[in-house]
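Asker: This one is my_file_3.cif, mmCIF, C-alpha atoms.
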```cif
data_protein
#
loop_
_atom_site.label_atom_id
_atom_site.label_comp_id
_atom_site.auth_asym_id
_atom_site.auth_seq_id
_atom_site.Cartn_x
_atom_site.Cartn_y
_atom_site.Cartn_z
CA MET Q 1 0.00 0.00 0.00
CA LYS Q 2 1.31 3.42 -0.91
CA GLY Q 3 2.50 5.38 2.10
CA TYR Q 4 0.59 8.48 3.16
CA ASN Q 5 2.12 11.86 2.29
CA HIS Q 6 1.03 15.02 4.04
CA LEU Q 7 -0.58 17.75 1.97
CA SER Q 8 1.74 20.36 0.53
CA ILE Q 9 1.07 24.09 0.64
CA ILE Q 10 0.28 23.99 -3.11
CA GLU Q 11 -2.37 21.31 -2.54
CA ARG Q 12 -3.88 23.36 0.26
CA GLU Q 13 -4.06 26.41 -2.02
CA ASN Q 14 -5.81 24.29 -4.66
CA ILE Q 15 -8.32 23.06 -2.08
CA ALA Q 16 -9.11 26.67 -1.18
CA LYS Q 17 -9.43 27.63 -4.88
CA PHE Q 18 -11.72 24.71 -5.77
CA GLN Q 19 -13.84 25.27 -2.67
CA ALA Q 20 -14.28 28.93 -3.69
CA GLN Q 21 -15.42 27.71 -7.12
CA GLY Q 22 -18.20 25.74 -5.45
CA LEU Q 23 -16.83 22.22 -6.03
CA SER Q 24 -17.89 19.49 -3.65
CA LYS Q 25 -15.40 17.76 -1.36
CA ARG Q 26 -15.49 14.66 -3.55
CA GLU Q 27 -14.85 16.73 -6.67
CA ILE Q 28 -11.94 18.49 -4.95
CA SER Q 29 -10.39 15.18 -3.93
CA GLY Q 30 -10.53 14.06 -7.56
CA ARG Q 31 -8.90 17.26 -8.81
CA ILE Q 32 -5.93 17.01 -6.44
CA ASN Q 33 -5.75 13.22 -6.62
CA ARG Q 34 -6.33 12.71 -2.91
CA SER Q 35 -8.78 10.58 -0.97
CA HIS Q 36 -12.17 11.99 -0.01
CA SER Q 37 -11.39 11.54 3.71
CA THR Q 38 -8.13 13.51 3.38
CA VAL Q 39 -9.98 16.51 1.97
CA ILE Q 40 -12.66 16.30 4.67
CA ARG Q 41 -10.03 16.24 7.45
CA GLU Q 42 -8.23 19.17 5.86
CA LEU Q 43 -11.34 21.33 5.60
CA ASN Q 44 -12.25 20.48 9.19
CA ARG Q 45 -8.76 21.47 10.41
CA LEU Q 46 -9.85 25.06 11.02
CA LYS Q 47 -13.09 26.05 12.74
CA GLU Q 48 -13.16 29.32 10.82
CA GLU Q 49 -13.20 29.81 7.06
CA TYR Q 50 -10.57 27.61 5.42
CA SER Q 51 -7.21 29.29 4.76
CA PRO Q 52 -4.30 27.38 3.20
CA SER Q 53 -1.67 29.48 5.01
CA LYS Q 54 -3.33 29.03 8.41
CA ALA Q 55 -3.83 25.33 7.77
CA GLN Q 56 -0.14 24.97 6.88
CA ALA Q 57 0.92 26.88 10.01
CA GLN Q 58 -1.26 24.69 12.21
CA TYR Q 59 0.15 21.57 10.59
CA VAL Q 60 3.73 22.70 11.28
CA SER Q 61 2.85 23.54 14.89
CA ASN Q 62 1.22 20.17 15.45
CA ARG Q 63 4.25 18.39 14.01
CA LYS Q 64 6.48 20.09 16.54
CA ASN Q 65 4.35 18.73 19.36
CA THR Q 66 4.19 15.14 18.13
CA GLY Q 67 7.66 14.17 19.39
CA ARG Q 68 8.11 11.55 22.08
CA LYS Q 69 6.93 12.91 25.42
CA SER Q 70 8.91 12.34 28.59
CA ILE Q 71 7.65 10.14 31.41
CA PHE Q 72 6.97 13.30 33.42
CA GLN Q 73 4.47 14.45 30.78
CA THR Q 74 2.68 11.11 30.49
CA ASN Q 75 2.89 9.79 34.06
CA PRO Q 76 1.68 12.20 36.79
CA GLU Q 77 2.86 9.83 39.53
CA ALA Q 78 6.43 9.82 38.19
CA LYS Q 79 6.36 13.62 38.03
CA GLU Q 80 5.07 13.86 41.61
CA TYR Q 81 7.74 11.37 42.76
CA ALA Q 82 10.56 13.40 41.19
CA GLU Q 83 9.28 16.72 42.52
CA PHE Q 84 8.86 15.33 46.04
CA LYS Q 85 12.33 13.80 46.17
CA LEU Q 86 13.96 16.95 44.77
CA GLU Q 87 12.03 19.47 46.85
CA TYR Q 88 11.32 17.69 50.13
CA ASP Q 89 14.08 15.08 50.44
CA ARG Q 90 16.65 17.30 48.64
CA TRP Q 91 17.92 14.43 46.47
CA LEU Q 92 20.00 15.23 43.42
CA PRO Q 93 18.59 14.34 39.94
CA ASP Q 94 21.16 11.57 39.65
CA GLU Q 95 19.99 10.09 42.95
CA VAL Q 96 16.31 10.39 42.01
CA ALA Q 97 16.73 8.69 38.63
CA ASN Q 98 18.90 5.80 39.79
CA ARG Q 99 16.98 5.14 43.00
CA ALA Q 100 13.69 5.02 41.11
CA LYS Q 101 15.23 2.45 38.79
CA LEU Q 102 16.74 0.47 41.67
CA GLU Q 103 13.36 0.21 43.39
CA GLY Q 104 11.63 -0.74 40.15
CA LEU Q 105 9.35 2.29 40.33
CA TYR Q 106 10.11 4.29 37.18
CA THR Q 107 12.73 4.30 34.44
CA PHE Q 108 14.14 7.63 33.30
CA SER Q 109 17.65 8.99 32.83
CA THR Q 110 19.32 11.75 34.78
CA SER Q 111 19.52 13.85 31.61
CA THR Q 112 15.78 13.42 31.01
CA LEU Q 113 15.10 14.70 34.52
CA TYR Q 114 17.42 17.69 34.04
CA ARG Q 115 15.74 18.57 30.72
CA SER Q 116 12.32 18.36 32.35
CA ILE Q 117 13.49 20.65 35.15
CA ASN Q 118 14.92 23.18 32.69
CA SER Q 119 11.76 23.13 30.56
CA GLY Q 120 9.50 23.56 33.58
CA VAL Q 121 7.77 20.18 33.18
CA VAL Q 122 9.13 19.14 36.57
CA ASN Q 123 8.29 22.05 38.85
CA ILE Q 124 11.45 22.69 40.84
CA SER Q 125 13.99 25.49 40.79
CA ILE Q 126 17.27 24.35 39.19
CA GLY Q 127 19.11 26.13 41.99
CA LYS Q 128 17.58 23.75 44.52
CA VAL Q 129 19.07 20.67 42.87
CA LEU Q 130 22.65 21.89 42.97
CA LYS Q 131 24.92 20.94 45.84
CA PHE Q 132 25.92 23.63 48.27
CA ARG Q 133 29.68 24.12 48.50
CA GLY Q 134 32.00 25.28 51.27
CA ARG Q 135 33.01 24.35 54.79
CA ARG Q 136 30.47 24.11 57.61
CA LYS Q 137 31.35 25.82 60.89
CA GLY Q 138 30.74 24.65 64.48
CA GLY Q 139 27.55 23.79 66.41
CA LEU Q 140 27.33 20.13 65.31
CA LEU Q 141 29.42 17.02 65.76
CA THR Q 142 29.16 14.89 62.62
CA LEU Q 143 30.31 11.28 62.39
CA VAL Q 144 30.16 9.26 59.19
CA ASP Q 145 30.75 5.54 58.84
CA ARG Q 146 33.29 5.12 56.04
CA TYR Q 147 31.85 1.81 54.80
CA SER Q 148 28.15 2.67 54.63
CA ARG Q 149 28.28 6.50 54.72
CA TYR Q 150 25.84 6.27 57.63
CA PRO Q 151 25.81 9.65 59.44
CA ILE Q 152 25.44 10.40 63.14
CA ILE Q 153 24.90 13.95 64.34
CA GLU Q 154 24.85 15.51 67.77
CA LYS Q 155 24.55 19.14 68.82
CA VAL Q 156 27.37 20.49 70.97
CA GLU Q 157 26.93 23.13 73.62
CA ASP Q 158 30.18 24.86 72.66
CA LYS Q 159 33.54 24.12 71.04
CA SER Q 160 35.25 23.06 74.24
CA THR Q 161 36.94 19.66 74.38
CA CYS Q 162 34.63 18.64 77.24
CA SER Q 163 31.46 19.41 75.26
CA ILE Q 164 32.72 17.65 72.13
CA LEU Q 165 33.74 14.52 74.06
CA LYS Q 166 30.36 14.46 75.80
CA ALA Q 167 28.52 14.72 72.45
CA PHE Q 168 30.81 12.13 70.91
CA LYS Q 169 30.15 9.50 73.57
CA TYR Q 170 26.41 10.17 73.43
CA ALA Q 171 26.40 9.89 69.63
CA LEU Q 172 27.81 6.37 69.73
CA ARG Q 173 25.13 5.00 72.05
CA GLY Q 174 23.45 1.95 70.58
CA ILE Q 175 26.33 1.11 68.24
CA PRO Q 176 27.73 -2.38 69.04
CA GLN Q 177 31.25 -2.21 70.50
CA GLU Q 178 32.59 -4.73 68.01
CA TYR Q 179 31.56 -2.44 65.15
CA LEU Q 180 33.73 0.44 66.40
CA LYS Q 181 37.25 0.04 65.04
CA THR Q 182 38.84 3.38 64.20
CA ILE Q 183 37.97 7.08 64.43
CA THR Q 184 39.47 9.88 62.34
CA VAL Q 185 39.13 13.43 63.64
CA ASP Q 186 40.43 16.88 62.76
CA ASN Q 187 43.78 17.85 64.18
CA TRP Q 188 42.28 20.78 66.08
CA LYS Q 189 42.75 21.65 69.74
CA GLU Q 190 39.09 20.79 70.44
CA PHE Q 191 39.89 17.14 69.69
CA ALA Q 192 43.02 17.00 71.81
CA GLY Q 193 41.27 14.91 74.44
CA PHE Q 194 40.31 12.16 72.00
CA LYS Q 195 43.55 10.26 72.60
CA GLY Q 196 42.36 9.76 76.13
CA ILE Q 197 39.23 7.87 75.08
CA GLU Q 198 41.02 5.20 73.01
CA LYS Q 199 41.20 2.89 76.01
CA GLU Q 200 37.70 3.78 77.21
CA LEU Q 201 36.01 2.99 73.88
CA ARG Q 202 38.63 0.46 72.72
CA VAL Q 203 39.06 2.19 69.38
CA LYS Q 204 42.06 3.63 67.57
CA VAL Q 205 41.94 7.41 67.06
CA TYR Q 206 43.68 9.00 64.08
CA PHE Q 207 44.22 12.70 63.49
CA CYS Q 208 44.10 14.35 60.08
CA ASN Q 209 46.95 16.56 58.99
CA PRO Q 210 46.14 20.28 59.17
CA TYR Q 211 44.16 21.59 56.17
CA SER Q 212 43.84 18.11 54.65
CA PRO Q 213 40.08 17.53 54.21
CA TRP Q 214 40.68 14.72 51.70
CA GLU Q 215 41.89 12.56 54.60
CA LYS Q 216 38.30 12.45 55.84
CA GLY Q 217 36.48 12.65 52.52
CA SER Q 218 33.35 10.82 53.68
CA ASN Q 219 32.73 13.39 56.40
CA GLU Q 220 33.46 16.35 54.14
CA ASN Q 221 31.05 15.02 51.52
CA PHE Q 222 28.36 14.53 54.16
CA ASN Q 223 28.85 18.08 55.43
CA GLY Q 224 28.25 19.29 51.86
CA ILE Q 225 24.95 17.41 51.78
CA LEU Q 226 23.99 18.80 55.19
CA ARG Q 227 24.52 22.34 53.90
CA GLN Q 228 21.49 21.84 51.64
CA TYR Q 229 19.36 21.95 54.79
CA PHE Q 230 21.40 24.20 57.05
CA PRO Q 231 23.15 27.00 55.13
CA LYS Q 232 26.38 28.64 56.20
CA LYS Q 233 26.29 30.49 59.54
CA THR Q 234 23.21 28.61 60.78
CA ASP Q 235 22.73 29.13 64.51
CA PHE Q 236 22.14 25.57 65.71
CA SER Q 237 21.13 26.74 69.15
CA LYS Q 238 17.88 27.79 67.46
CA ILE Q 239 17.43 24.42 65.72
CA SER Q 240 15.39 21.95 67.76
CA ASN Q 241 16.54 18.36 68.24
CA GLN Q 242 13.36 17.21 66.49
CA GLU Q 243 14.09 19.33 63.42
CA LEU Q 244 17.71 18.15 63.36
CA GLU Q 245 16.71 14.48 63.65
CA LYS Q 246 14.19 14.94 60.86
CA VAL Q 247 16.92 16.19 58.53
CA VAL Q 248 19.36 13.45 59.56
CA THR Q 249 16.71 10.82 58.80
CA ARG Q 250 16.28 12.26 55.31
CA VAL Q 251 20.03 12.19 54.69
CA LYS Q 252 20.32 8.61 55.95
CA ASN Q 253 17.65 7.63 53.43
CA LYS Q 254 19.21 9.36 50.42
CA PRO Q 255 20.29 6.95 47.67
CA ARG Q 256 24.03 7.41 47.21
CA LYS Q 257 25.94 6.88 43.98
CA ILE Q 258 28.95 5.57 45.88
CA LEU Q 259 26.67 2.90 47.43
CA GLY Q 260 25.19 1.81 44.10
CA TYR Q 261 22.15 3.99 44.89
CA PHE Q 262 21.40 2.04 48.04
CA LYS Q 263 20.73 4.04 51.20
CA ALA Q 264 23.11 4.37 54.12
CA THR Q 265 20.51 2.86 56.45
CA GLU Q 266 20.22 -0.22 54.24
CA ILE Q 267 23.98 -0.81 54.19
CA PHE Q 268 24.76 0.10 57.81
CA TRP Q 269 22.16 -1.95 59.66
CA GLU Q 270 22.51 -4.90 57.30
CA LYS Q 271 26.22 -5.04 58.14
CA ILE Q 272 25.55 -4.86 61.86
CA LYS Q 273 22.97 -7.67 61.61
#
```
When written as structure tokens, how does the structure in this file appear?
Answerer:
Amino acid sequence: MKGYNHLSIIERENIAKFQAQGLSKREISGRINRSHSTVIRELNRLKEEYSPSKAQAQYVSNRKNTGRKSIFQTNPEAKEYAEFKLEYDRWLPDEVANRAKLEGLYTFSTSTLYRSINSGVVNISIGKVLKFRGRRKGGLLTLVDRYSRYPIIEKVEDKSTCSILKAFKYALRGIPQEYLKTITVDNWKEFAGFKGIEKELRVKVYFCNPYSPWEKGSNENFNGILRQYFPKKTDFSKISNQELEKVVTRVKNKPRKILGYFKATEIFWEKIK
């Protein structure tokens, strides 16, 4: 069967001319050597009086909109999932796409999600899906398990060694002793007393070299994630424990690329079991 070819602008002009001459739709189809149904569809294309130029313009416009639509245009649930994870859980597009695939929920690429954000299909500001950069200052003690990237956070009353040690011991409550092997801390005066707790906790304490954040990369990366929720110069004395725990729970349940898009909670507690 001969393939269908769309009407040309010349054919549309002939349709308009023959219609003006009073020819019937069947007579017009014979004159331009097209099927009767093709002529009927063409004349019904516009609600107003038929115009070949307007019909051509509408055809071109419709062709532009017939491309393959993204999953976020055809599946409202996938769109809602992406927006929720980006806005509420503060996941990155890469984490959203790969976690959705890992859980067998939806299949879409990171680039598809970025395009949908840029085009406004996924309703989220592009600025909100970019990682915050920079160092985080005082107020919190952050511990990160190197194997699972599982984070533990405690507020500290001040930057004194006594307060930090107190928060540190409290943070490790509930963690089996046999799971604690080594601890790496900054080589700052606030951590000077940590050597004294090696025997108490039966762990080996290591100190980073000054200005060498790469020696504790897991912790530095976690602090970057935390900055998405608590910007620079946040006064943590005004942040409630409930609000802090809520954020920590979200971070623990972020799918991480370094973990194959599993969550820290899944890796950490499975290992302990």
Asker: Please write as a VMD selection string the full residue list that the PyMOL selection byres ((chain Q and resi 256) around 12) yields on this file.
Answerer: chain Q and resid 91 to 99 102 148 to 150 218 221 to 222 225 251 to 255 257 to 267
Asker: Could you work out how far CA of Asp89 (chain Q) lies from CA of Gln228 (chain Q), giving the answer in Å with one decimal?
Answerer: 10.1 Å
Asker: Which residues, named as in the file, does the PyMOL selection byres ((chain Q and resi 42) around 12) pick out? Answer as a ChimeraX atom specification.
Answerer: /Q:6-9,11-16,19,25,28-29,34-41,43-47,49-52,54-56,58-59
Asker: Starting from the PyMOL selection byres ((chain Q and resi 235) around 12), expand the selection into actual residues of this file and give them as a PyMOL selection string.
Answerer: chain Q and resi 136-140+155-158+230-234+236-240
Asker: Store the residues picked out above in a file with C-alpha atoms, as a compact mmCIF listing (two decimals), in the frame of the given file.
Answerer:
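Saved file part15.txt follows:
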```txt
# COMPACT_ATOMS: atom_id res chain seq x y z
CA ARG Q 136 30.47 24.11 57.61
CA LYS Q 137 31.35 25.82 60.89
CA GLY Q 138 30.74 24.65 64.48
CA GLY Q 139 27.55 23.79 66.41
CA LEU Q 140 27.33 20.13 65.31
CA LYS Q 155 24.55 19.14 68.82
CA VAL Q 156 27.37 20.49 70.97
CA GLU Q 157 26.93 23.13 73.62
CA ASP Q 158 30.18 24.86 72.66
CA PHE Q 230 21.40 24.20 57.05
CA PRO Q 231 23.15 27.00 55.13
CA LYS Q 232 26.38 28.64 56.20
CA LYS Q 233 26.29 30.49 59.54
CA THR Q 234 23.21 28.61 60.78
CA PHE Q 236 22.14 25.57 65.71
CA SER Q 237 21.13 26.74 69.15
CA LYS Q 238 17.88 27.79 67.46
CA ILE Q 239 17.43 24.42 65.72
CA SER Q 240 15.39 21.95 67.76
```
Asker: For a quick check of understanding, using all atoms listed in the file, which of Q:Ile153, Q:Ala171, Q:Leu86, Q:Ile164 has the smallest distance to Asn123 (chain Q)?
Answerer: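 Result for the nearest residue to Asn123 (chain Q): Q:Leu86.
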Asker: For Ile152 (chain Q), find every residue with an atom within 12 Å (counting only C-alpha atoms), except residues of its own chain fewer than 6 positions away, and show them as an MDAnalysis selection string.
Answerer: chainID Q and resid 140:146 167:175 219 222:223 226 244:245 247:249 251:252 264:265 268
Asker: Expressed in Å to a single decimal, how great is the separation between CA of Gly22 (chain Q) and CA of Ala57 (chain Q)?
Answerer: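 So the two atoms, CA of Gly22 (chain Q) and CA of Ala57 (chain Q), lie 24.6 Å apart.
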Asker: What is the CA of Ser116 (chain Q)-CA of Ala78 (chain Q) distance in Å, reported with one decimal?
Answerer: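 Pair CA of Ser116 (chain Q) / CA of Ala78 (chain Q) returns 11.9 Å.
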